[in-house]
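Encoded as structure tokens, the structure appears first; notes follow it.
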Number of protein chains: 2
Amino acid sequence: MKKLLIRISQQLLATEIYVGKALLKSSLIKDFFSLSKGSKIIIADQAVQDLYAAPLANQIGGQLLSIPRGESAKTLETAQYLLEALFKNGAGRDTTLIAIGGGATTDLVAFVASIYMRGVPLILIPTTLLSIVDASLGGKTAIDTPFGKNLIGTIYPPKAIFADLDTLQTLPETEWFNGLAEIWKLGLVYDAVLWQKSLKDFLKGEKDISLILKAMQGKIDIVQQDPREQSLRHILNFGHTIGHALEKVSRYEMPHGQAVALGCYAEAHLSMSLGYLSAADFEQIERAYSLFPLQLPKDYARPKLFEAMAHDKKKALGQIRTVLIEKIGCAIPFEGDYCQAVTPREWKQTLDWMEENYNHL
Amino acid sequence: MKKLLIRISQQLLATEIYVGKALLKSSLIKDFFSLSKGSKIIIADQAVQDLYAAPLANQIGGQLLSIPRGESAKTLETAQYLLEALFKNGAGRDTTLIAIGGGATTDLVAFVASIYMRGVPLILIPTTLLSIVDASLGGKTAIDTPFGKNLIGTIYPPKAIFADLDTLQTLPETEWFNGLAEIWKLGLVYDAVLWQKSLKDFLKGEKDISLILKAMQGKIDIVQQDPREQSLRHILNFGHTIGHALEKVSRYEMPHGQAVALGCYAEAHLSMSLGYLSAADFEQIERAYSLFPLQLPKDYARPKLFEAMAHDKKKALGQIRTVLIEKIGCAIPFEGDYCQAVTPREWKQTLDWMEENYNHL
């Protein structure tokens with residue numbers, strides 16, 4: 001087991017991160033929770049309820065609430081349902097909320113924890129590769145809206161994260177792809193070694209834990225340098241301008257990882273078409289993403305994509321902005337902004353290419 | 001004009017506070033807003049829309065949105081309406097929200113600003129005595145729920161507050177009472193001189209600006225010592241355990257100031273009945289509050305009050321906790337907690353007294 005730490009500011013905002021195997025069955029969990037005096041409420045998505053959440057509730061003596069799994073449940077309605085359940089269960093400011101599940105679940109429960117009585121203690125137990133290496137790290141909470149993904153949320157770091165790697169053993173293969181999409185993204189913008197290693201493992205069919213730890217540490221490094229996403233942290237949005245818009249167009253039926261993978265591939269293409277990325281690097285990227293099972297959503301249409309992109313959070317002065325790379329492992333700083341306005345005309349070549357290659361029809 | 005400052009932490013969380021006369025007509029406002037590059041959206045309650053908000057929108061070139069006034073509109077539904085209006089107006093992360101109105105309006109808009117795209121720049125322009133001396137100061141945002149008052153919210157300090165004291169000239173007399181209730185509360189728990197001065201002014205019918213400045217400075221001192229309300233800041237909740245419960249029982253028809261006044265009076269009585277406050281001090285308090293036009297809400301019943309108090313945010317380990325005073329100007333520290341569990345049996349004498357004196361029938 002390895003212990004990592006995020007410190008976003010000197011006051012309160014420190015997250016202890018425990019990563020390892022058989023964590024959920026270890027005495028560590030029980031000891032950890034025996035220290036908190038208030039009541040505990042465990043909120044699980046249906047995918048992990050019987051397997052992990054119910055035994056945990058038993059072990060630490062908490063109450064169990066359940067929500068539907070997946071992105072389509074990450075809504076204000078589910079948040080309202082949870083808030084009401086908390087009131088009805090008499091949860092107070094000293095009640096700890098424990099979220100267990102994938103990224104949609106940890107995002108949503110963290111949002112609820114941040115607004116219930118102006119914030120209650122929060123613990124995250126991510127159970128998918130994507131939520132372990134990305135969603136649960138960095139203090140972002142979110143819900144989706146009809147206008148776009150993650151458009152409502154707060155910055156509210158949990159007190160602790162328990163990432164039990166054994167949970168990955170029950171993960172379907174498509175979920176593994178989804179997590180890899182975020183690892184590859186991190187590789188493309190920040191860490192060429194991670195990119196190479198990740199690709200090599202993938203080709204060999206290996207699932208190496210050291211890759212997961214390296215990806216977590218990379219994200220933590222970036223978040224610590226810019227917790228409020230005012231410059232460097234923007235790079236973690238590579239692939240997400242298109243990615244989030246694709247998810248919205250699909251009405252959140254397209255998994256986040258697949259949208260990010262296609263988004264990264266397309267934004268690498270954009271980086272090349274704008275003259276920043278070499279053809280040789282793009283070719284390497286192409287070889288990697290052609291291994292992914294990617295497809296545009298059923299209802300895809302270019303105007304819908306632009307309409308969704310118009311609500312992107314990186315927008316400034318009304319212009320859509322995107323993260324671009326100059327080589328594998330290196331996002332372009334653009335005077336510290338780490339993103340740049342791209343006009344619809346500049347998007348054209350990339351969208352032509354994407355539609356030609358990935359239209360499902 | 002005087003400039004005050006809150007610094008809650010070293011990162012971002014600094015609020016510039018401008019207090020003075022004729023601020024809204026001054027070039028200060030125009031100069032201030034000419035510095036921000038993004039779009040501006042002014043959100044006003046109906047009470048001030050024509051008088052202050054529309055001219056301001058004209059002056060600084062912002063868009064105007066309107067919400068109903070008063071506590072009964074401080075709901076998740078109004079927040080949802082605003083969020084949707086922001087999306088529809090294309091508001092981005094660089095859009096500044098400017099709230100203008102009473103405490104309910106500034107609380108609600110601040111909450112919306114804190115969750116829209118994980119936080120957008122926020123400016124508050126309080127236009128009631130209560131919101132100038134209390135609600136707008138200290139970074140608390142809130143909405144009410146069917147379970148109780150301010151139960152959903154965040155800590156999200158505005159970038160600046162403009163308190164134009166000229167707005168108080170159009171304030172109805174009952175609104176002046178409501179603001180005084182918070183000034184008297186601050187006097188009782190923290191500042192005996194403020195209490196005496198406030199009472200003297202009130203008896204003479206004087207409305208002295210120095211009193212307002214002193215009350216603002218007092219609250220700022222407390223908030224700076226304990227921004228996250230973990231100890232000292234609890235004292236600002238004096239009168240609010242009963243006060244919030246009365247508001248809830250009245251379905252938020254009872255004005256906050258009146259509920260706080262009756263709450264302070266009753267919790268002073270409780271402080272006496274528990275043996276902390278002398279009869280002489282209580283007598284002085286009694287003379288003051290008997291000048292207020294106080295009444296229990298129409299639907300008042302003791303079980304309803306307890307039911308509402310059960311959701312109080314100061315609750316710990318399931319017990320209702322209350323701030324108590326040992327003399328005028330001095331809340332009891334209780335080992336740094338500044339509040340203490342009080343059993344229903346201990347409340348009895350005070351509630352008997354309150355019901356006997358203030359039942360509307």
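Labels for the structure tokens follow display order: chains A, B, ..., residues from 1 in each chain, ligands from 1.
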
Restrict the calculation to only C-alpha atoms, then for each residue of chain A with any atom at most 9 Å from an atom of chain B give the closest atom pair and their distance in Å to one decimal, rows by chain and rising residue number, as a Markdown table.
| residue | atom | partner | partner_atom | distance |
| --- | --- | --- | --- | --- |
| A:Ser9 | CA | B:Gln11 | CA | 7.8 |
| A:Gln10 | CA | B:Ser9 | CA | 8.6 |
| A:Gln11 | CA | B:Ser9 | CA | 7.8 |
| A:Lys37 | CA | B:Leu317 | CA | 7.4 |
| A:Gly38 | CA | B:Leu317 | CA | 5.6 |
| A:Ser39 | CA | B:Leu317 | CA | 7.5 |
| A:Leu83 | CA | B:Ile152 | CA | 8.7 |
| A:Glu84 | CA | B:Phe147 | CA | 8.4 |
| A:Phe87 | CA | B:Phe147 | CA | 6.9 |
| A:Lys88 | CA | B:Phe147 | CA | 8.5 |
| A:Gly90 | CA | B:His311 | CA | 7.1 |
| A:Ala91 | CA | B:His311 | CA | 8.4 |
| A:Gly92 | CA | B:Lys315 | CA | 6.3 |
| A:Arg93 | CA | B:Lys313 | CA | 6.2 |
| A:Asp94 | CA | B:Ala316 | CA | 6.2 |
| A:Thr95 | CA | B:Leu317 | CA | 8.6 |
| A:Ser114 | CA | B:Thr154 | CA | 6.9 |
| A:Ile115 | CA | B:Gly153 | CA | 4.9 |
| A:Tyr116 | CA | B:Ile152 | CA | 5.0 |
| A:Met117 | CA | B:Leu151 | CA | 4.8 |
| A:Arg118 | CA | B:Thr154 | CA | 4.4 |
| A:Gly119 | CA | B:Thr154 | CA | 6.8 |
| A:Lys140 | CA | B:Arg118 | CA | 8.1 |
| A:Thr141 | CA | B:Arg118 | CA | 8.0 |
| A:Ala142 | CA | B:Arg118 | CA | 7.9 |
| A:Phe147 | CA | B:Phe87 | CA | 6.9 |
| A:Asn150 | CA | B:Met117 | CA | 7.4 |
| A:Leu151 | CA | B:Met117 | CA | 4.8 |
| A:Ile152 | CA | B:Tyr116 | CA | 5.0 |
| A:Gly153 | CA | B:Arg118 | CA | 4.6 |
| A:Thr154 | CA | B:Arg118 | CA | 4.4 |
| A:Ile155 | CA | B:Arg118 | CA | 6.5 |
| A:Ala310 | CA | B:Gly90 | CA | 7.9 |
| A:His311 | CA | B:Gly90 | CA | 7.1 |
| A:Asp312 | CA | B:Gly92 | CA | 8.1 |
| A:Lys313 | CA | B:Arg93 | CA | 6.1 |
| A:Lys314 | CA | B:Arg93 | CA | 7.3 |
| A:Lys315 | CA | B:Gly92 | CA | 6.3 |
| A:Ala316 | CA | B:Asp94 | CA | 6.2 |
| A:Leu317 | CA | B:Gly38 | CA | 5.6 |
| A:Gly318 | CA | B:Gly92 | CA | 7.4 |

Atoms kept (C-alpha atoms) for selection, written as a short mmCIF file (atom, residue, chain, number, x, y, z; two decimals), in the first residue's frame:
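Result went into selection_25.cif, see below:
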data_model
loop_
_atom_site.label_atom_id
_atom_site.label_comp_id
_atom_site.auth_asym_id
_atom_site.auth_seq_id
_atom_site.Cartn_x
_atom_site.Cartn_y
_atom_site.Cartn_z
CA SER A 9 -4.31 25.00 0.59
CA GLN A 10 -3.14 25.14 4.13
CA GLN A 11 -6.64 25.17 5.57
CA LYS A 37 -17.72 10.57 15.93
CA GLY A 38 -20.74 11.52 13.83
CA SER A 39 -22.98 9.16 11.87
CA LEU A 83 -30.36 15.83 -0.12
CA GLU A 84 -33.88 14.90 0.91
CA PHE A 87 -32.56 15.39 5.82
CA LYS A 88 -34.95 12.52 6.44
CA GLY A 90 -31.30 13.31 10.30
CA ALA A 91 -27.81 13.82 8.86
CA GLY A 92 -26.01 16.70 10.57
CA ARG A 93 -22.87 18.70 9.87
CA ASP A 94 -20.89 15.96 11.62
CA THR A 95 -22.26 13.18 9.37
CA SER A 114 -20.29 20.25 -0.61
CA ILE A 115 -23.73 21.92 -0.41
CA TYR A 116 -25.43 19.97 2.40
CA MET A 117 -25.32 22.32 5.40
CA ARG A 118 -22.49 24.16 3.62
CA GLY A 119 -20.30 21.07 3.58
CA LYS A 140 -13.88 18.77 -8.52
CA THR A 141 -17.52 17.93 -7.93
CA ALA A 142 -20.13 18.04 -10.66
CA PHE A 147 -27.01 22.43 -21.40
CA ASN A 150 -20.30 19.13 -15.43
CA LEU A 151 -21.74 22.65 -15.79
CA ILE A 152 -22.83 22.76 -12.15
CA GLY A 153 -20.39 21.90 -9.41
CA THR A 154 -17.98 23.03 -6.73
CA ILE A 155 -14.36 22.55 -5.68
CA ALA A 310 -20.66 26.70 -26.91
CA HIS A 311 -21.28 25.89 -23.23
CA ASP A 312 -17.74 24.63 -22.62
CA LYS A 313 -16.38 25.95 -19.32
CA LYS A 314 -13.03 27.01 -20.84
CA LYS A 315 -14.87 29.58 -22.98
CA ALA A 316 -13.71 33.18 -22.46
CA LEU A 317 -15.13 36.37 -23.96
CA GLY A 318 -17.62 34.15 -25.78
#

All residues 9 Å or closer to segment 195-202 of chain A, only C-alpha atoms, same chain fewer than 6 positions away omitted, as a list in words = Leu180, Ile183, Trp184, Lys185, Leu186, Gly187, Leu188, Asp208, Leu211, Ala288, Ile328 and Gly329 of chain A

Can you write out the residues you just picked, keeping all heavy atoms, as a PDB file, in the first residue's frame?
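selection_21.pdb was written with the following content:
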ATOM      1  N   LEU A 180      -8.303   3.918 -19.347  1.00  0.00           N
ATOM      2  CA  LEU A 180      -7.103   4.123 -20.168  1.00  0.00           C
ATOM      3  C   LEU A 180      -7.171   5.435 -20.940  1.00  0.00           C
ATOM      4  O   LEU A 180      -6.163   6.107 -21.149  1.00  0.00           O
ATOM      5  CB  LEU A 180      -6.942   2.971 -21.161  1.00  0.00           C
ATOM      6  CG  LEU A 180      -6.171   1.754 -20.691  1.00  0.00           C
ATOM      7  CD1 LEU A 180      -5.998   0.780 -21.859  1.00  0.00           C
ATOM      8  CD2 LEU A 180      -4.810   2.122 -20.112  1.00  0.00           C
ATOM      9  N   ILE A 183      -5.729   8.032 -18.900  1.00  0.00           N
ATOM     10  CA  ILE A 183      -4.277   7.841 -18.731  1.00  0.00           C
ATOM     11  C   ILE A 183      -3.553   8.276 -20.004  1.00  0.00           C
ATOM     12  O   ILE A 183      -2.541   8.980 -19.945  1.00  0.00           O
ATOM     13  CB  ILE A 183      -3.962   6.373 -18.375  1.00  0.00           C
ATOM     14  CG1 ILE A 183      -4.582   6.004 -17.017  1.00  0.00           C
ATOM     15  CG2 ILE A 183      -2.450   6.140 -18.352  1.00  0.00           C
ATOM     16  CD1 ILE A 183      -4.357   4.567 -16.590  1.00  0.00           C
ATOM     17  N   TRP A 184      -4.071   7.891 -21.146  1.00  0.00           N
ATOM     18  CA  TRP A 184      -3.453   8.300 -22.410  1.00  0.00           C
ATOM     19  C   TRP A 184      -3.472   9.820 -22.556  1.00  0.00           C
ATOM     20  O   TRP A 184      -2.513  10.425 -23.014  1.00  0.00           O
ATOM     21  CB  TRP A 184      -4.169   7.646 -23.601  1.00  0.00           C
ATOM     22  CG  TRP A 184      -3.858   6.186 -23.737  1.00  0.00           C
ATOM     23  CD1 TRP A 184      -3.262   5.392 -22.801  1.00  0.00           C
ATOM     24  CD2 TRP A 184      -4.117   5.353 -24.867  1.00  0.00           C
ATOM     25  NE1 TRP A 184      -3.145   4.112 -23.269  1.00  0.00           N
ATOM     26  CE2 TRP A 184      -3.662   4.051 -24.539  1.00  0.00           C
ATOM     27  CE3 TRP A 184      -4.705   5.544 -26.103  1.00  0.00           C
ATOM     28  CZ2 TRP A 184      -3.764   2.970 -25.415  1.00  0.00           C
ATOM     29  CZ3 TRP A 184      -4.810   4.472 -26.981  1.00  0.00           C
ATOM     30  CH2 TRP A 184      -4.341   3.198 -26.647  1.00  0.00           C
ATOM     31  N   LYS A 185      -4.609  10.411 -22.171  1.00  0.00           N
ATOM     32  CA  LYS A 185      -4.710  11.875 -22.227  1.00  0.00           C
ATOM     33  C   LYS A 185      -3.602  12.519 -21.405  1.00  0.00           C
ATOM     34  O   LYS A 185      -2.886  13.411 -21.881  1.00  0.00           O
ATOM     35  CB  LYS A 185      -6.066  12.341 -21.689  1.00  0.00           C
ATOM     36  CG  LYS A 185      -6.172  13.843 -21.580  1.00  0.00           C
ATOM     37  CD  LYS A 185      -7.136  14.271 -20.492  1.00  0.00           C
ATOM     38  CE  LYS A 185      -6.555  14.039 -19.099  1.00  0.00           C
ATOM     39  NZ  LYS A 185      -7.503  14.357 -18.028  1.00  0.00           N
ATOM     40  N   LEU A 186      -3.424  12.027 -20.176  1.00  0.00           N
ATOM     41  CA  LEU A 186      -2.383  12.581 -19.309  1.00  0.00           C
ATOM     42  C   LEU A 186      -1.017  12.418 -19.962  1.00  0.00           C
ATOM     43  O   LEU A 186      -0.170  13.321 -19.923  1.00  0.00           O
ATOM     44  CB  LEU A 186      -2.425  11.879 -17.947  1.00  0.00           C
ATOM     45  CG  LEU A 186      -1.496  12.426 -16.874  1.00  0.00           C
ATOM     46  CD1 LEU A 186      -1.874  13.856 -16.501  1.00  0.00           C
ATOM     47  CD2 LEU A 186      -1.547  11.534 -15.621  1.00  0.00           C
ATOM     48  N   GLY A 187      -0.804  11.248 -20.562  1.00  0.00           N
ATOM     49  CA  GLY A 187       0.440  11.017 -21.281  1.00  0.00           C
ATOM     50  C   GLY A 187       0.651  12.041 -22.386  1.00  0.00           C
ATOM     51  O   GLY A 187       1.725  12.626 -22.513  1.00  0.00           O
ATOM     52  N   LEU A 188      -0.379  12.288 -23.168  1.00  0.00           N
ATOM     53  CA  LEU A 188      -0.251  13.195 -24.319  1.00  0.00           C
ATOM     54  C   LEU A 188       0.100  14.627 -23.914  1.00  0.00           C
ATOM     55  O   LEU A 188       0.873  15.302 -24.583  1.00  0.00           O
ATOM     56  CB  LEU A 188      -1.542  13.192 -25.151  1.00  0.00           C
ATOM     57  CG  LEU A 188      -1.790  11.940 -25.995  1.00  0.00           C
ATOM     58  CD1 LEU A 188      -3.141  12.020 -26.693  1.00  0.00           C
ATOM     59  CD2 LEU A 188      -0.671  11.733 -27.029  1.00  0.00           C
ATOM     60  N   ASP A 208      -0.748  -3.318 -15.393  1.00  0.00           N
ATOM     61  CA  ASP A 208       0.305  -3.124 -14.403  1.00  0.00           C
ATOM     62  C   ASP A 208      -0.083  -2.023 -13.416  1.00  0.00           C
ATOM     63  O   ASP A 208      -0.441  -0.916 -13.795  1.00  0.00           O
ATOM     64  CB  ASP A 208       1.589  -2.733 -15.150  1.00  0.00           C
ATOM     65  CG  ASP A 208       2.761  -2.586 -14.194  1.00  0.00           C
ATOM     66  OD1 ASP A 208       2.584  -2.832 -12.982  1.00  0.00           O
ATOM     67  OD2 ASP A 208       3.844  -2.210 -14.670  1.00  0.00           O
ATOM     68  N   LEU A 211       1.497   1.511 -13.438  1.00  0.00           N
ATOM     69  CA  LEU A 211       0.947   2.490 -14.374  1.00  0.00           C
ATOM     70  C   LEU A 211      -0.127   3.346 -13.690  1.00  0.00           C
ATOM     71  O   LEU A 211      -0.184   4.572 -13.863  1.00  0.00           O
ATOM     72  CB  LEU A 211       0.332   1.764 -15.576  1.00  0.00           C
ATOM     73  CG  LEU A 211      -0.217   2.671 -16.674  1.00  0.00           C
ATOM     74  CD1 LEU A 211       0.920   3.292 -17.463  1.00  0.00           C
ATOM     75  CD2 LEU A 211      -1.150   1.908 -17.611  1.00  0.00           C
ATOM     76  N   ALA A 288      -2.196   4.324 -31.882  1.00  0.00           N
ATOM     77  CA  ALA A 288      -2.746   3.978 -30.569  1.00  0.00           C
ATOM     78  C   ALA A 288      -4.270   3.984 -30.592  1.00  0.00           C
ATOM     79  O   ALA A 288      -4.915   2.984 -30.246  1.00  0.00           O
ATOM     80  CB  ALA A 288      -2.226   4.965 -29.523  1.00  0.00           C
ATOM     81  N   ILE A 328       4.033  14.690 -28.311  1.00  0.00           N
ATOM     82  CA  ILE A 328       3.505  13.745 -27.330  1.00  0.00           C
ATOM     83  C   ILE A 328       4.145  14.046 -25.983  1.00  0.00           C
ATOM     84  O   ILE A 328       5.374  14.090 -25.862  1.00  0.00           O
ATOM     85  CB  ILE A 328       3.775  12.289 -27.771  1.00  0.00           C
ATOM     86  CG1 ILE A 328       2.881  11.957 -28.967  1.00  0.00           C
ATOM     87  CG2 ILE A 328       3.519  11.317 -26.625  1.00  0.00           C
ATOM     88  CD1 ILE A 328       3.195  10.624 -29.627  1.00  0.00           C
ATOM     89  N   GLY A 329       3.307  14.287 -24.962  1.00  0.00           N
ATOM     90  CA  GLY A 329       3.813  14.593 -23.626  1.00  0.00           C
ATOM     91  C   GLY A 329       3.899  16.069 -23.327  1.00  0.00           C
ATOM     92  O   GLY A 329       4.396  16.460 -22.264  1.00  0.00           O
TER      93      GLY A 329
END

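The space between atom CA of Leu86 of chain A and atom CA of Gln49 of chain A spans 18.1 Å.
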
query = Among segment 74-271 of chain B, which residues carry a DSSP assignment of strand (DSSP E), reported as number ranges by chain?
reply = B: 96-101, 122-126, 143-145, 148-152, 160-164

For the selection you just gave me, I'd like the residues written to a file as an mmCIF file, in the first residue's frame, keeping N, CA, C and O atoms.
data_model
loop_
_atom_site.group_PDB
_atom_site.id
_atom_site.type_symbol
_atom_site.label_atom_id
_atom_site.label_comp_id
_atom_site.auth_asym_id
_atom_site.auth_seq_id
_atom_site.Cartn_x
_atom_site.Cartn_y
_atom_site.Cartn_z
ATOM 1 N N THR B 96 -19.443 37.932 -14.636
ATOM 2 C CA THR B 96 -19.611 38.359 -13.249
ATOM 3 C C THR B 96 -21.095 38.441 -12.901
ATOM 4 O O THR B 96 -21.876 39.029 -13.645
ATOM 5 N N LEU B 97 -21.470 37.818 -11.775
ATOM 6 C CA LEU B 97 -22.840 37.960 -11.281
ATOM 7 C C LEU B 97 -22.876 39.068 -10.233
ATOM 8 O O LEU B 97 -22.044 39.092 -9.324
ATOM 9 N N ILE B 98 -23.846 39.952 -10.358
ATOM 10 C CA ILE B 98 -23.986 41.067 -9.432
ATOM 11 C C ILE B 98 -25.358 40.956 -8.790
ATOM 12 O O ILE B 98 -26.378 41.073 -9.466
ATOM 13 N N ALA B 99 -25.371 40.696 -7.480
ATOM 14 C CA ALA B 99 -26.647 40.542 -6.778
ATOM 15 C C ALA B 99 -26.997 41.859 -6.124
ATOM 16 O O ALA B 99 -26.168 42.444 -5.421
ATOM 17 N N ILE B 100 -28.222 42.324 -6.303
ATOM 18 C CA ILE B 100 -28.633 43.562 -5.662
ATOM 19 C C ILE B 100 -29.999 43.371 -5.002
ATOM 20 O O ILE B 100 -30.948 42.916 -5.630
ATOM 21 N N GLY B 101 -30.056 43.631 -3.692
ATOM 22 C CA GLY B 101 -31.304 43.441 -2.965
ATOM 23 C C GLY B 101 -31.060 43.123 -1.503
ATOM 24 O O GLY B 101 -29.980 43.395 -0.966
ATOM 25 N N LEU B 122 -18.319 37.129 -8.276
ATOM 26 C CA LEU B 122 -19.553 37.556 -7.610
ATOM 27 C C LEU B 122 -19.347 38.910 -6.934
ATOM 28 O O LEU B 122 -18.334 39.135 -6.270
ATOM 29 N N ILE B 123 -20.317 39.804 -7.125
ATOM 30 C CA ILE B 123 -20.335 41.104 -6.445
ATOM 31 C C ILE B 123 -21.680 41.229 -5.734
ATOM 32 O O ILE B 123 -22.715 40.891 -6.328
ATOM 33 N N LEU B 124 -21.669 41.694 -4.494
ATOM 34 C CA LEU B 124 -22.929 41.884 -3.776
ATOM 35 C C LEU B 124 -23.210 43.370 -3.549
ATOM 36 O O LEU B 124 -22.306 44.121 -3.153
ATOM 37 N N ILE B 125 -24.461 43.756 -3.775
ATOM 38 C CA ILE B 125 -24.889 45.122 -3.479
ATOM 39 C C ILE B 125 -26.105 45.025 -2.561
ATOM 40 O O ILE B 125 -27.255 44.992 -3.025
ATOM 41 N N PRO B 126 -25.869 44.935 -1.244
ATOM 42 C CA PRO B 126 -26.973 44.789 -0.305
ATOM 43 C C PRO B 126 -27.711 46.118 -0.149
ATOM 44 O O PRO B 126 -27.086 47.174 -0.121
ATOM 45 N N ILE B 143 -29.678 28.520 0.498
ATOM 46 C CA ILE B 143 -31.093 28.470 0.151
ATOM 47 C C ILE B 143 -31.827 27.701 1.253
ATOM 48 O O ILE B 143 -31.206 26.962 2.022
ATOM 49 N N ASP B 144 -33.137 27.909 1.316
ATOM 50 C CA ASP B 144 -33.944 27.226 2.318
ATOM 51 C C ASP B 144 -34.509 25.943 1.728
ATOM 52 O O ASP B 144 -34.587 25.794 0.510
ATOM 53 N N THR B 145 -34.885 25.020 2.593
ATOM 54 C CA THR B 145 -35.512 23.778 2.131
ATOM 55 C C THR B 145 -36.762 23.540 2.963
ATOM 56 O O THR B 145 -36.936 24.167 4.001
ATOM 57 N N GLY B 148 -35.856 23.104 6.548
ATOM 58 C CA GLY B 148 -35.374 24.178 7.404
ATOM 59 C C GLY B 148 -34.612 25.223 6.627
ATOM 60 O O GLY B 148 -34.356 25.087 5.422
ATOM 61 N N LYS B 149 -34.218 26.254 7.357
ATOM 62 C CA LYS B 149 -33.628 27.439 6.745
ATOM 63 C C LYS B 149 -32.127 27.274 6.507
ATOM 64 O O LYS B 149 -31.417 26.720 7.335
ATOM 65 N N ASN B 150 -31.658 27.778 5.379
ATOM 66 C CA ASN B 150 -30.222 27.809 5.066
ATOM 67 C C ASN B 150 -29.572 26.428 5.132
ATOM 68 O O ASN B 150 -28.376 26.327 5.418
ATOM 69 N N LEU B 151 -30.339 25.364 4.883
ATOM 70 C CA LEU B 151 -29.771 24.023 5.058
ATOM 71 C C LEU B 151 -28.939 23.588 3.856
ATOM 72 O O LEU B 151 -28.178 22.639 3.923
ATOM 73 N N ILE B 152 -29.078 24.296 2.746
ATOM 74 C CA ILE B 152 -28.218 24.031 1.594
ATOM 75 C C ILE B 152 -27.453 25.307 1.292
ATOM 76 O O ILE B 152 -28.004 26.403 1.321
ATOM 77 N N ALA B 160 -16.276 41.578 -4.156
ATOM 78 C CA ALA B 160 -16.478 42.905 -3.564
ATOM 79 C C ALA B 160 -17.916 43.061 -3.100
ATOM 80 O O ALA B 160 -18.824 42.361 -3.570
ATOM 81 N N ILE B 161 -18.093 43.954 -2.132
ATOM 82 C CA ILE B 161 -19.427 44.347 -1.666
ATOM 83 C C ILE B 161 -19.523 45.866 -1.772
ATOM 84 O O ILE B 161 -18.603 46.572 -1.352
ATOM 85 N N PHE B 162 -20.595 46.349 -2.354
ATOM 86 C CA PHE B 162 -20.860 47.786 -2.366
ATOM 87 C C PHE B 162 -22.089 48.040 -1.499
ATOM 88 O O PHE B 162 -23.197 47.644 -1.868
ATOM 89 N N ALA B 163 -21.882 48.655 -0.344
ATOM 90 C CA ALA B 163 -22.994 48.958 0.556
ATOM 91 C C ALA B 163 -23.278 50.451 0.475
ATOM 92 O O ALA B 163 -22.597 51.257 1.099
ATOM 93 N N ASP B 164 -24.268 50.796 -0.334
ATOM 94 C CA ASP B 164 -24.630 52.207 -0.510
ATOM 95 C C ASP B 164 -25.677 52.566 0.547
ATOM 96 O O ASP B 164 -26.825 52.127 0.474
#

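Counting only C-alpha atoms, Lys159 of chain B has the following residues at most 7 Å away, ignoring those fewer than 2 positions along the same chain: Ala14, Thr15, Glu16, Pro121, Leu122, Ile123 and Pro157 of chain B.
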
Given the selection you just returned, output its residues as a file containing all heavy atoms, formatted as a short mmCIF file (atom, residue, chain, number, x, y, z; two decimals), in the first residue's frame.
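Saved file again_39.cif follows:
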data_model
loop_
_atom_site.label_atom_id
_atom_site.label_comp_id
_atom_site.auth_asym_id
_atom_site.auth_seq_id
_atom_site.Cartn_x
_atom_site.Cartn_y
_atom_site.Cartn_z
N ALA B 14 -10.50 36.90 -0.84
CA ALA B 14 -10.50 38.24 -0.24
C ALA B 14 -11.68 39.02 -0.78
O ALA B 14 -11.98 38.97 -1.96
CB ALA B 14 -9.20 38.95 -0.57
N THR B 15 -12.37 39.67 0.10
CA THR B 15 -13.52 40.49 -0.30
C THR B 15 -13.23 41.96 -0.02
O THR B 15 -12.90 42.31 1.11
CB THR B 15 -14.78 40.08 0.50
OG1 THR B 15 -15.05 38.71 0.27
CG2 THR B 15 -15.97 40.92 0.08
N GLU B 16 -13.34 42.81 -1.02
CA GLU B 16 -13.24 44.25 -0.80
C GLU B 16 -14.62 44.80 -0.49
O GLU B 16 -15.57 44.52 -1.22
CB GLU B 16 -12.70 44.95 -2.05
CG GLU B 16 -11.27 44.59 -2.35
CD GLU B 16 -10.77 45.29 -3.61
OE1 GLU B 16 -11.58 45.89 -4.33
OE2 GLU B 16 -9.56 45.21 -3.86
N PRO B 121 -17.19 34.90 -10.84
CA PRO B 121 -17.00 36.11 -10.02
C PRO B 121 -18.33 36.67 -9.52
O PRO B 121 -19.32 36.68 -10.26
CB PRO B 121 -16.33 37.09 -11.00
CG PRO B 121 -15.70 36.23 -12.04
CD PRO B 121 -16.56 35.01 -12.17
N LEU B 122 -18.32 37.13 -8.28
CA LEU B 122 -19.55 37.56 -7.61
C LEU B 122 -19.35 38.91 -6.93
O LEU B 122 -18.33 39.13 -6.27
CB LEU B 122 -19.93 36.50 -6.56
CG LEU B 122 -21.05 36.85 -5.58
CD1 LEU B 122 -22.40 36.88 -6.30
CD2 LEU B 122 -21.09 35.85 -4.43
N ILE B 123 -20.32 39.80 -7.13
CA ILE B 123 -20.34 41.10 -6.45
C ILE B 123 -21.68 41.23 -5.73
O ILE B 123 -22.72 40.89 -6.33
CB ILE B 123 -20.23 42.27 -7.47
CG1 ILE B 123 -19.03 42.10 -8.41
CG2 ILE B 123 -20.19 43.62 -6.74
CD1 ILE B 123 -17.69 42.23 -7.77
N PRO B 157 -17.03 33.57 -0.70
CA PRO B 157 -16.98 35.03 -0.52
C PRO B 157 -17.02 35.77 -1.86
O PRO B 157 -16.39 35.34 -2.82
CB PRO B 157 -15.62 35.26 0.16
CG PRO B 157 -15.16 33.92 0.61
CD PRO B 157 -15.79 32.92 -0.30
#
